[in-house]
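Chemist: Contents are mmCIF, C-alpha atoms and all ligand atoms; file name structure.cif:
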```cif
data_run
loop_
_atom_site.label_atom_id
_atom_site.label_comp_id
_atom_site.auth_asym_id
_atom_site.auth_seq_id
_atom_site.Cartn_x
_atom_site.Cartn_y
_atom_site.Cartn_z
CA MET A 1 169.35 177.05 70.34
CA HIS A 2 165.97 175.92 69.03
CA LEU A 3 165.89 172.44 67.54
CA LEU A 4 164.72 173.68 64.14
CA GLU A 5 167.44 176.33 63.96
CA ASN A 6 170.13 173.73 64.40
CA PRO A 7 171.12 172.46 60.95
CA ILE A 8 171.67 168.76 60.40
CA ARG A 9 175.01 168.93 58.64
CA SER A 10 174.51 165.89 56.39
CA GLU A 11 170.79 166.54 55.73
CA ASP A 12 171.18 168.52 52.48
CA LEU A 13 173.53 165.95 51.06
CA LEU A 14 171.41 162.98 51.97
CA VAL A 15 168.08 164.51 50.89
CA LYS A 16 169.38 165.92 47.59
CA THR A 17 171.11 162.70 46.78
CA PHE A 18 168.64 160.01 47.79
CA ASN A 19 168.87 158.60 44.29
CA ILE A 20 172.54 159.32 43.76
CA LYS A 21 174.43 156.87 41.56
CA HIS A 22 177.47 156.25 43.76
CA ARG A 23 177.05 156.19 47.55
CA PHE A 24 180.79 156.29 48.21
CA TYR A 25 180.19 157.63 51.76
CA ALA A 26 178.08 154.78 53.21
CA SER A 27 179.10 153.57 56.66
CA SER A 28 176.80 150.67 57.53
CA ALA A 29 177.40 147.12 56.35
CA GLU A 30 175.81 145.71 53.22
CA PRO A 31 172.03 145.80 53.87
CA LEU A 32 170.64 142.44 54.96
CA SER A 33 167.32 141.28 53.48
CA HIS A 34 164.62 139.70 55.61
CA LYS A 35 164.75 136.69 53.27
CA GLU A 36 168.49 136.23 53.89
CA LEU A 37 167.87 136.58 57.62
CA ILE A 38 165.20 133.87 57.59
CA GLU A 39 167.56 131.56 55.65
CA ALA A 40 170.37 132.16 58.16
CA THR A 41 167.92 131.55 61.03
CA LYS A 42 166.87 128.22 59.50
CA ARG A 43 170.52 127.23 59.02
CA ASN A 44 170.99 127.95 62.74
CA GLY A 45 168.02 125.75 63.62
CA ASP A 46 166.24 128.69 65.33
CA HIS A 47 162.82 127.76 63.95
CA HIS A 48 161.12 129.04 67.13
CA LEU A 49 162.15 132.60 66.18
CA ILE A 50 160.45 132.24 62.80
CA GLU A 51 157.27 131.05 64.55
CA LEU A 52 157.57 133.94 67.03
CA PHE A 53 157.91 136.40 64.14
CA ASN A 54 154.89 135.00 62.29
CA ASP A 55 152.68 135.15 65.36
CA HIS A 56 153.83 138.22 67.30
CA SER A 57 151.59 140.84 68.86
CA LEU A 58 151.49 144.30 67.28
CA GLY A 59 150.89 145.80 70.70
CA TYR A 60 153.62 147.70 72.53
CA ALA A 61 156.87 145.90 73.24
CA GLU A 62 158.04 145.75 76.87
CA ASN A 63 159.29 149.07 78.22
CA GLY A 64 163.10 149.12 78.08
CA GLY A 65 163.07 146.26 75.55
CA SER A 66 161.66 142.73 75.78
CA LEU A 67 163.54 140.39 78.09
CA ASP A 68 164.26 137.81 75.35
CA LEU A 69 166.01 140.44 73.20
CA ARG A 70 167.93 141.92 76.13
CA GLU A 71 169.16 138.42 77.02
CA GLU A 72 170.33 137.96 73.45
CA ILE A 73 172.11 141.35 73.39
CA ALA A 74 173.86 140.43 76.67
CA THR A 75 175.60 137.55 74.83
CA LEU A 76 177.58 140.19 72.89
CA TYR A 77 179.32 141.24 76.15
CA ASP A 78 181.18 139.46 78.94
CA GLU A 79 179.66 138.06 82.15
CA SER A 80 179.54 141.50 83.81
CA ILE A 81 176.55 142.28 81.57
CA SER A 82 173.11 140.68 81.78
CA ALA A 83 169.63 141.60 80.52
CA GLU A 84 169.06 144.03 83.40
CA ASN A 85 172.04 146.13 82.27
CA ILE A 86 170.49 146.88 78.87
CA VAL A 87 167.90 149.35 77.55
CA VAL A 88 166.58 148.92 74.01
CA PHE A 89 165.68 151.89 71.77
CA PRO A 90 164.44 152.45 68.23
CA GLY A 91 168.00 152.80 66.85
CA ALA A 92 171.27 154.18 68.22
CA GLN A 93 170.64 157.83 67.39
CA THR A 94 167.53 157.85 69.61
CA ALA A 95 169.45 155.91 72.26
CA MET A 96 172.37 158.38 72.45
CA THR A 97 170.12 161.43 72.58
CA ILE A 98 167.67 160.17 75.20
CA THR A 99 170.49 158.74 77.34
CA THR A 100 172.23 162.10 77.36
CA LEU A 101 169.00 163.98 78.16
CA ALA A 102 168.31 161.54 81.00
CA LEU A 103 171.77 161.81 82.56
CA LEU A 104 172.89 165.42 82.15
CA HIS A 105 171.58 168.56 83.84
CA GLN A 106 171.57 172.27 83.05
CA GLY A 107 175.11 173.60 83.54
CA ASP A 108 176.91 170.25 83.24
CA HIS A 109 180.03 170.10 81.11
CA ALA A 110 180.92 167.40 78.59
CA ILE A 111 184.14 166.58 76.77
CA ILE A 112 183.66 165.21 73.27
CA ILE A 113 186.28 163.65 71.05
CA THR A 114 185.90 164.89 67.46
CA PRO A 115 185.42 164.57 64.51
CA SER A 116 182.19 162.91 65.56
CA TYR A 117 178.70 161.89 64.53
CA GLN A 118 176.72 165.10 64.99
CA SER A 119 173.94 163.71 67.21
CA LEU A 120 176.51 162.57 69.80
CA GLU A 121 177.08 166.22 70.68
CA GLU A 122 173.59 167.66 70.25
CA GLY A 123 172.00 165.88 73.23
CA VAL A 124 174.45 167.65 75.56
CA LYS A 125 173.38 171.07 74.27
CA TYR A 126 169.64 170.29 74.56
CA ALA A 127 170.21 169.07 78.11
CA GLY A 128 171.57 172.58 78.82
CA GLY A 129 175.18 171.47 79.04
CA SER A 130 178.36 172.94 77.57
CA VAL A 131 180.87 171.11 75.40
CA THR A 132 184.64 171.10 75.02
CA ARG A 133 185.74 169.40 71.83
CA ILE A 134 189.06 167.61 71.59
CA ALA A 135 190.06 166.87 68.01
CA LEU A 136 191.85 163.75 66.87
CA SER A 137 194.83 164.34 64.63
CA PRO A 138 196.41 162.25 61.87
CA ALA A 139 199.80 163.25 63.33
CA ASN A 140 198.83 161.17 66.36
CA ALA A 141 197.41 158.29 64.25
CA TRP A 142 193.90 159.46 65.29
CA GLN A 143 194.57 158.56 68.94
CA VAL A 144 193.08 160.61 71.78
CA ASP A 145 195.37 163.23 73.34
CA LEU A 146 195.17 162.28 77.03
CA GLU A 147 196.82 165.48 78.24
CA ALA A 148 194.26 167.56 76.35
CA VAL A 149 191.43 165.56 77.95
CA GLU A 150 192.90 166.01 81.41
CA ALA A 151 193.39 169.73 80.84
CA ALA A 152 189.76 170.10 79.73
CA ILE A 153 188.30 168.64 82.94
CA LYS A 154 186.45 171.22 85.05
CA ASP A 155 184.61 171.00 88.37
CA ASN A 156 181.29 170.53 86.51
CA THR A 157 182.53 167.95 83.96
CA LYS A 158 180.08 165.05 84.04
CA TYR A 159 180.40 163.34 80.69
CA LEU A 160 183.12 162.13 78.34
CA VAL A 161 181.91 161.10 74.88
CA PHE A 162 183.80 159.20 72.20
CA ASN A 163 183.22 156.83 69.33
CA ASP A 164 185.34 153.67 69.10
CA PRO A 165 185.78 152.14 66.49
CA HIS A 166 185.80 155.62 65.04
CA ASN A 167 183.69 157.11 62.27
CA PRO A 168 185.03 158.66 60.03
CA THR A 169 188.69 157.60 60.46
CA GLY A 170 188.26 153.84 61.01
CA ALA A 171 190.78 154.07 63.88
CA LEU A 172 190.63 151.94 67.01
CA MET A 173 191.47 153.49 70.36
CA SER A 174 194.48 151.76 71.86
CA GLU A 175 193.70 149.61 74.92
CA ASP A 176 196.24 151.63 76.92
CA ILE A 177 194.58 154.98 76.12
CA LYS A 178 191.16 153.54 76.86
CA ARG A 179 192.32 152.32 80.27
CA LYS A 180 193.86 155.71 81.04
CA LEU A 181 190.62 157.48 80.07
CA VAL A 182 188.70 155.12 82.36
CA ALA A 183 191.11 155.89 85.23
CA LEU A 184 190.74 159.64 84.63
CA ALA A 185 186.94 159.40 84.47
CA GLU A 186 186.77 157.32 87.68
CA GLN A 187 189.08 159.74 89.47
CA HIS A 188 186.90 162.75 88.54
CA ASP A 189 183.52 160.98 88.77
CA ILE A 190 182.78 161.44 85.08
CA LEU A 191 180.45 159.15 83.09
CA ILE A 192 181.85 157.78 79.84
CA PHE A 193 179.52 157.42 76.87
CA SER A 194 181.21 155.23 74.28
CA ASP A 195 179.55 154.92 70.88
CA GLU A 196 180.58 151.38 69.89
CA VAL A 197 178.22 150.99 66.93
CA TYR A 198 181.04 149.73 64.65
CA ARG A 199 182.24 147.13 67.16
CA LEU A 200 182.62 143.59 65.68
CA LEU A 201 183.88 145.07 62.39
CA GLU A 202 187.58 145.02 63.41
CA LEU A 203 189.78 143.88 60.51
CA ASN A 204 191.78 141.87 63.00
CA PRO A 205 189.46 140.57 65.77
CA ALA A 206 192.51 140.37 68.09
CA ASP A 207 192.51 144.20 68.07
CA ARG A 208 189.02 144.32 69.66
CA SER A 209 189.31 145.74 73.17
CA ALA A 210 186.74 145.35 75.93
CA SER A 211 183.52 147.34 75.70
CA ILE A 212 183.47 150.39 77.96
CA ALA A 213 180.48 148.81 79.73
CA GLU A 214 182.70 145.86 80.68
CA MET A 215 185.62 148.07 81.76
CA THR A 216 183.95 150.40 84.25
CA LYS A 217 180.68 150.63 86.17
CA LYS A 218 180.29 154.23 84.99
CA GLY A 219 180.73 153.34 81.32
CA ILE A 220 177.75 153.39 78.95
CA ALA A 221 178.17 151.57 75.64
CA LEU A 222 176.04 152.04 72.54
CA GLY A 223 175.17 149.39 69.92
CA THR A 224 172.90 149.13 66.87
CA MET A 225 171.62 146.60 64.38
CA ALA A 226 172.44 149.08 61.59
CA LYS A 227 176.23 149.02 61.41
CA PRO A 228 177.90 145.59 61.78
CA TRP A 229 174.93 143.62 60.48
CA GLY A 230 173.35 146.00 57.92
CA ALA A 231 169.97 145.66 59.67
CA GLY A 232 169.10 149.32 60.33
CA GLY A 233 165.59 148.59 59.06
CA ALA A 234 164.96 146.49 62.17
CA SER A 235 165.21 149.84 63.99
CA ILE A 236 166.86 148.47 67.12
CA GLY A 237 169.68 150.09 69.11
CA TRP A 238 170.65 149.76 72.77
CA VAL A 239 172.73 151.08 75.63
CA VAL A 240 174.58 148.93 78.16
CA CYS A 241 175.77 149.89 81.64
CA GLN A 242 176.62 147.95 84.82
CA ASP A 243 175.22 150.64 87.14
CA LYS A 244 171.53 149.91 87.84
CA ASN A 245 170.76 153.53 88.87
CA ILE A 246 172.03 154.79 85.55
CA ILE A 247 170.04 152.12 83.70
CA GLU A 248 166.90 153.14 85.63
CA LYS A 249 167.28 156.79 84.56
CA ILE A 250 167.84 155.80 80.94
CA ARG A 251 164.83 153.47 81.03
CA ASN A 252 162.68 156.33 82.35
CA GLY A 253 163.92 158.54 79.50
CA GLN A 254 163.06 155.82 77.01
CA HIS A 255 159.57 155.51 78.51
CA LEU A 256 159.04 159.25 78.19
CA PHE A 257 160.32 159.78 74.63
CA ALA A 258 160.54 156.49 72.70
CA VAL A 259 158.02 154.06 74.13
CA CYS A 260 156.76 152.81 70.78
CA PHE A 261 159.15 150.44 69.04
CA SER A 262 158.71 147.39 66.96
CA ARG A 263 158.36 143.86 68.33
CA ALA A 264 158.97 142.64 64.76
CA GLY A 265 162.28 144.53 64.88
CA GLU A 266 163.10 142.97 68.23
CA ILE A 267 162.56 139.45 66.87
CA GLN A 268 164.60 140.25 63.75
CA ALA A 269 167.35 141.57 66.04
CA MET A 270 167.35 138.26 67.95
CA MET A 271 167.65 136.38 64.65
CA VAL A 272 170.53 138.66 63.62
CA ILE A 273 172.47 138.18 66.87
CA ARG A 274 172.02 134.41 66.75
CA ALA A 275 173.27 134.39 63.14
CA SER A 276 175.91 137.04 63.86
CA ASP A 277 178.95 134.93 62.90
CA GLN A 278 177.51 134.11 59.47
CA ILE A 279 176.44 137.71 58.77
CA ILE A 280 179.66 139.32 60.02
CA ALA A 281 181.80 136.85 58.04
CA LYS A 282 179.91 137.82 54.86
CA ASN A 283 180.26 141.54 55.63
CA MET A 284 183.97 141.33 56.51
CA LYS A 285 184.63 139.59 53.18
CA ILE A 286 183.09 142.56 51.33
CA ILE A 287 185.04 145.03 53.49
CA LYS A 288 188.38 143.26 53.01
CA GLU A 289 187.94 142.94 49.24
CA ASN A 290 187.05 146.62 49.00
CA LEU A 291 190.00 147.63 51.16
CA ALA A 292 192.39 145.73 48.89
CA LEU A 293 191.08 147.78 45.94
CA LEU A 294 191.43 151.01 47.92
CA ASP A 295 194.99 150.17 48.99
CA ASP A 296 195.96 149.66 45.33
CA PHE A 297 194.20 152.85 44.29
CA PHE A 298 195.82 155.02 46.95
CA LYS A 299 199.24 153.56 46.16
CA GLU A 300 198.81 154.51 42.52
CA TYR A 301 197.37 157.96 43.32
CA GLY A 302 199.69 158.77 46.23
CA ASP A 303 200.59 162.14 44.68
CA LEU A 304 196.99 163.30 45.21
CA PHE A 305 195.79 161.38 48.27
CA GLU A 306 197.04 160.22 51.64
CA TRP A 307 195.39 157.13 53.07
CA ILE A 308 195.73 156.01 56.67
CA ALA A 309 194.48 152.44 56.47
CA PRO A 310 191.45 151.93 58.75
CA GLN A 311 191.49 149.26 61.48
CA ALA A 312 187.74 148.78 61.88
CA GLY A 313 184.28 149.78 60.71
CA GLY A 314 183.15 150.79 57.26
CA THR A 315 184.70 154.24 56.78
CA GLY A 316 188.05 155.93 56.22
CA PHE A 317 189.15 159.58 56.23
CA VAL A 318 191.24 160.45 53.16
CA LYS A 319 193.50 163.46 52.77
CA PHE A 320 193.24 165.25 49.45
CA LYS A 321 196.52 166.91 48.45
CA GLY A 322 195.13 168.87 45.47
CA SER A 323 194.64 172.64 45.38
CA LEU A 324 190.91 172.52 46.28
CA CYS A 325 189.75 172.00 49.83
CA ALA A 326 187.88 168.75 50.46
CA ASP A 327 184.49 170.55 50.72
CA GLU A 328 185.01 171.83 47.15
CA LEU A 329 186.21 168.46 45.94
CA ALA A 330 183.10 166.80 47.39
CA GLU A 331 180.89 169.35 45.64
CA GLU A 332 182.53 168.59 42.28
CA LEU A 333 182.16 164.86 42.93
CA LEU A 334 178.48 165.33 43.77
CA GLU A 335 177.91 166.95 40.36
CA GLN A 336 179.19 163.68 38.87
CA GLY A 337 176.83 161.58 41.02
CA ILE A 338 179.50 160.49 43.53
CA LEU A 339 178.74 161.18 47.19
CA VAL A 340 181.55 161.35 49.75
CA PHE A 341 181.20 163.12 53.13
CA PRO A 342 183.07 166.44 53.14
CA PRO A 343 184.69 167.74 56.34
CA TYR A 344 181.84 170.23 57.03
CA VAL A 345 179.60 167.23 57.85
CA PHE A 346 181.90 166.68 60.85
CA ASP A 347 182.34 170.41 61.54
CA CYS A 348 186.10 169.88 61.22
CA GLY A 349 188.66 172.52 62.17
CA ASP A 350 191.11 174.01 59.66
CA ASP A 351 193.68 171.25 60.13
CA LEU A 352 191.19 168.68 58.74
CA LYS A 353 189.88 170.76 55.81
CA GLN A 354 191.62 168.49 53.30
CA TYR A 355 189.96 165.32 54.64
CA PHE A 356 186.81 163.58 53.39
CA ARG A 357 185.06 160.35 54.38
CA ILE A 358 184.62 157.38 52.10
CA GLY A 359 182.77 154.16 52.90
CA PHE A 360 183.89 150.68 51.87
CA SER A 361 181.36 148.28 53.34
CA ARG A 362 179.06 147.88 50.34
CA LYS A 363 179.14 145.63 47.29
CA THR A 364 178.65 148.77 45.19
CA MET A 365 181.97 150.30 46.28
CA PRO A 366 184.11 149.01 43.36
CA ALA A 367 181.80 150.77 40.86
CA ALA A 368 181.98 153.96 42.98
CA LEU A 369 185.78 153.74 43.06
CA LEU A 370 185.91 153.33 39.29
CA ALA A 371 183.76 156.45 38.77
CA PHE A 372 185.93 158.31 41.31
CA LYS A 373 189.09 157.27 39.46
CA GLU A 374 187.70 158.43 36.09
CA PHE A 375 186.76 161.78 37.65
CA ILE A 376 190.23 162.23 39.15
CA ASP A 377 191.94 161.36 35.85
CA GLN A 378 189.84 163.96 34.02
CA ARG A 379 190.38 166.74 36.58
CA ARG A 380 193.89 166.35 37.89
CA ALA A 381 195.42 168.65 35.24
CA GLN A 382 193.16 171.54 36.34
CA TRP A 383 194.02 171.36 40.02
CA GLY A 384 197.44 172.96 39.82
CA ALA A 385 199.84 173.00 42.72
CA PHE A 386 199.38 170.42 45.44
CA VAL A 387 199.11 171.08 49.15
CA PRO A 388 202.39 169.83 50.70
C1 LIG B 1 179.08 156.82 65.02
C2 LIG B 1 177.62 156.60 64.81
N1 LIG B 1 176.83 156.44 65.87
C3 LIG B 1 175.50 156.21 65.74
C4 LIG B 1 174.90 156.18 64.49
C5 LIG B 1 173.40 156.00 64.39
O1 LIG B 1 173.00 154.69 64.38
P1 LIG B 1 171.47 154.32 64.07
O2 LIG B 1 171.34 154.33 62.59
O3 LIG B 1 171.22 152.99 64.69
O4 LIG B 1 170.59 155.37 64.68
C6 LIG B 1 175.70 156.33 63.34
C7 LIG B 1 175.11 156.30 62.00
O5 LIG B 1 175.68 156.69 61.00
C8 LIG B 1 177.10 156.53 63.50
O6 LIG B 1 177.92 156.65 62.46
#
```
Would you mind writing the file's structure down as structure tokens?
Modeler:
Amino acid sequence: MHLLENPIRSEDLLVKTFNIKHRFYASSAEPLSHKELIEATKRNGDHHLIELFNDHSLGYAENGGSLDLREEIATLYDESISAENIVVFPGAQTAMTITTLALLHQGDHAIIITPSYQSLEEGVKYAGGSVTRIALSPANAWQVDLEAVEAAIKDNTKYLVFNDPHNPTGALMSEDIKRKLVALAEQHDILIFSDEVYRLLELNPADRSASIAEMTKKGIALGTMAKPWGAGGASIGWVVCQDKNIIEKIRNGQHLFAVCFSRAGEIQAMMVIRASDQIIAKNMKIIKENLALLDDFFKEYGDLFEWIAPQAGGTGFVKFKGSLCADELAEELLEQGILVFPPYVFDCGDDLKQYFRIGFSRKTMPAALLAFKEFIDQRRAQWGAFVP
């Protein structure tokens, strides 16, 4: 398929609604301002980074990412990871696509756990590969069906793709399932691409399992400034892998397609990582306060909605039990200036047609929830019989 014939499923929503009143779908943490970042950096005593920022070159940054940033990113992982195991990109979306193009060949097969962020799948198709999707199910608490993965493996399967912590459900993959997937991948010589962009936003940090890049040499982990720290504007994402040959291929891909990225962004990213504890603590406070409001709401409105409490990240997938499907509900909400992500954004199968994504990582969420509640109170009488 030609690139321009391939619709971006969330494009219409996001373009039409750039100025929408209630962004009840948002997934990334509360946006950080540069001013806040400088204050946090001063509190940390990292004055050298402020000097570096004020006097940096606007020439190209080092191919693959500057060494100082890669060293800083390595501190987010265990001792199996150092600067040479990391490639920096302008954001995670670019990173996932170029990595996939660099590693897959025409005719390769990939297994992808869905619902998923659309771009995770597209790179496989443009590399000339085929995809088998394996859908998560609420009946299984959004955990991967290992038997289905094993049954989907073919002779040409080269890639297993998943997102953990998971957008949209907010579920965390159990450590046991992750280890079994690693064993399966090692046995069949399959690379694992694990989108870990919501890592560090676990409600209970004890639930955080090892990064895939720490667990297996053939694991590639993805990170971004955008999600846990709300610093998408720094435009920095990265991939991590222990295998130097894989890193070399990815670095070549980056050189070919994304050589121009911002040194200013790199320095901001270093400031963010060094102030990570402060920034994450602030963001988790917002998330936990919002989740308490959502828990109360869904208890009160349990006749209309089913809520599986998320374990991590900034999003949850809610079941609507009214007589409309969730795509229709989202359309009606949009008319009222409230944006949630309907299931078509995730190309969901029939069994997930009643589910829609909400986001709870922003300070604006309580106002969005209030507007949502008013809308539901006005409409509930018209919706008739509920889906069992
Ligand atoms: C699961 C997932 N992966 C990757 C991305 C893209 O990250 P970035 O904004 O750094 O390109 C997103 C953004 O919504 C996402 O939800």
Chemist: Would you place a box with edges along x, y and z of the file around all atoms of ligand LIG 1 (chain B) listed there, add 4 Å to each of its six sides, and report the centre and edge lengths in Å to one decimal, as JSON?
Modeler:
```
{"center_x": 174.8, "center_y": 154.9, "center_z": 63.4, "size_x": 16.5, "size_y": 11.8, "size_z": 12.9}
```
Chemist: Env of Ile86 (chain A): 10 Å cut, atoms = all atoms listed in the file, seq-sep filter 5 positions within chain, self excluded. Answer as a compact mmCIF listing (two decimals) with C-alpha atoms, keeping the file's coordinate frame.
Modeler:
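Result file is out32.txt:
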```txt
# COMPACT_ATOMS: atom_id res chain seq x y z
CA GLY A 64 163.10 149.12 78.08
CA GLY A 65 163.07 146.26 75.55
CA LEU A 67 163.54 140.39 78.09
CA LEU A 69 166.01 140.44 73.20
CA ARG A 70 167.93 141.92 76.13
CA GLU A 71 169.16 138.42 77.02
CA ILE A 73 172.11 141.35 73.39
CA ALA A 74 173.86 140.43 76.67
CA ILE A 81 176.55 142.28 81.57
CA ILE A 220 177.75 153.39 78.95
CA ALA A 221 178.17 151.57 75.64
CA LEU A 222 176.04 152.04 72.54
CA TRP A 238 170.65 149.76 72.77
CA VAL A 239 172.73 151.08 75.63
CA VAL A 240 174.58 148.93 78.16
CA CYS A 241 175.77 149.89 81.64
CA GLN A 242 176.62 147.95 84.82
CA LYS A 244 171.53 149.91 87.84
CA ILE A 247 170.04 152.12 83.70
CA GLU A 248 166.90 153.14 85.63
CA ILE A 250 167.84 155.80 80.94
CA ARG A 251 164.83 153.47 81.03
```
Chemist: For region 285-299 of chain A, please output as number ranges by chain all residues within 10 Å (counting only C-alpha atoms; exclusion window: fewer than 2 positions along the same chain).
Modeler: A: 29-30, 201, 203, 280-283, 301-310, 312-316, 318, 359-366, 369-370, 373
Chemist: Restricted to C-alpha atoms, what would the selected residues look like written as a JSON list (two decimals), in the coordinates of the input?
Modeler:
```
[["chain", "number", "residue", "atom", "x", "y", "z"],
["A", 29, "ALA", "CA", 177.40, 147.12, 56.35],
["A", 30, "GLU", "CA", 175.81, 145.71, 53.22],
["A", 201, "LEU", "CA", 183.88, 145.07, 62.39],
["A", 203, "LEU", "CA", 189.78, 143.88, 60.51],
["A", 280, "ILE", "CA", 179.66, 139.32, 60.02],
["A", 281, "ALA", "CA", 181.80, 136.85, 58.04],
["A", 282, "LYS", "CA", 179.91, 137.82, 54.86],
["A", 283, "ASN", "CA", 180.26, 141.54, 55.63],
["A", 301, "TYR", "CA", 197.37, 157.96, 43.32],
["A", 302, "GLY", "CA", 199.69, 158.77, 46.23],
["A", 303, "ASP", "CA", 200.59, 162.14, 44.68],
["A", 304, "LEU", "CA", 196.99, 163.30, 45.21],
["A", 305, "PHE", "CA", 195.79, 161.38, 48.27],
["A", 306, "GLU", "CA", 197.04, 160.22, 51.64],
["A", 307, "TRP", "CA", 195.39, 157.13, 53.07],
["A", 308, "ILE", "CA", 195.73, 156.01, 56.67],
["A", 309, "ALA", "CA", 194.48, 152.44, 56.47],
["A", 310, "PRO", "CA", 191.45, 151.93, 58.75],
["A", 312, "ALA", "CA", 187.74, 148.78, 61.88],
["A", 313, "GLY", "CA", 184.28, 149.78, 60.71],
["A", 314, "GLY", "CA", 183.15, 150.79, 57.26],
["A", 315, "THR", "CA", 184.70, 154.24, 56.78],
["A", 316, "GLY", "CA", 188.05, 155.93, 56.22],
["A", 318, "VAL", "CA", 191.24, 160.45, 53.16],
["A", 359, "GLY", "CA", 182.77, 154.16, 52.90],
["A", 360, "PHE", "CA", 183.89, 150.68, 51.87],
["A", 361, "SER", "CA", 181.36, 148.28, 53.34],
["A", 362, "ARG", "CA", 179.06, 147.88, 50.34],
["A", 363, "LYS", "CA", 179.14, 145.63, 47.29],
["A", 364, "THR", "CA", 178.65, 148.77, 45.19],
["A", 365, "MET", "CA", 181.97, 150.30, 46.28],
["A", 366, "PRO", "CA", 184.11, 149.01, 43.36],
["A", 369, "LEU", "CA", 185.78, 153.74, 43.06],
["A", 370, "LEU", "CA", 185.91, 153.33, 39.29],
["A", 373, "LYS", "CA", 189.09, 157.27, 39.46]]
```
Chemist: Counting only C-alpha atoms and all ligand atoms, what are the residues, protein, DNA or RNA alike, that approach ligand LIG 1 (chain B) to within 6 Å? I want them as a list in words.
Modeler: Gly91, Ala92, Gln93, Tyr117, Asn163, Asn167, Asp195, Val197, Thr224, Ala226, Gly232 and Gly237 of chain A
Chemist: In Å, rounded to a single decimal, give me how far CA of Met271 (chain A) is from CA of Thr41 (chain A).
Modeler: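 Going from CA of Thr41 (chain A) over to CA of Met271 (chain A) covers 6.0 Å.
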Chemist: Go ahead and compute the interatomic distance for CA of Leu37 (chain A) and CA of Gln278 (chain A), in Å to one decimal.
Modeler: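 Here the two named atoms are 10.1 Å from each other.
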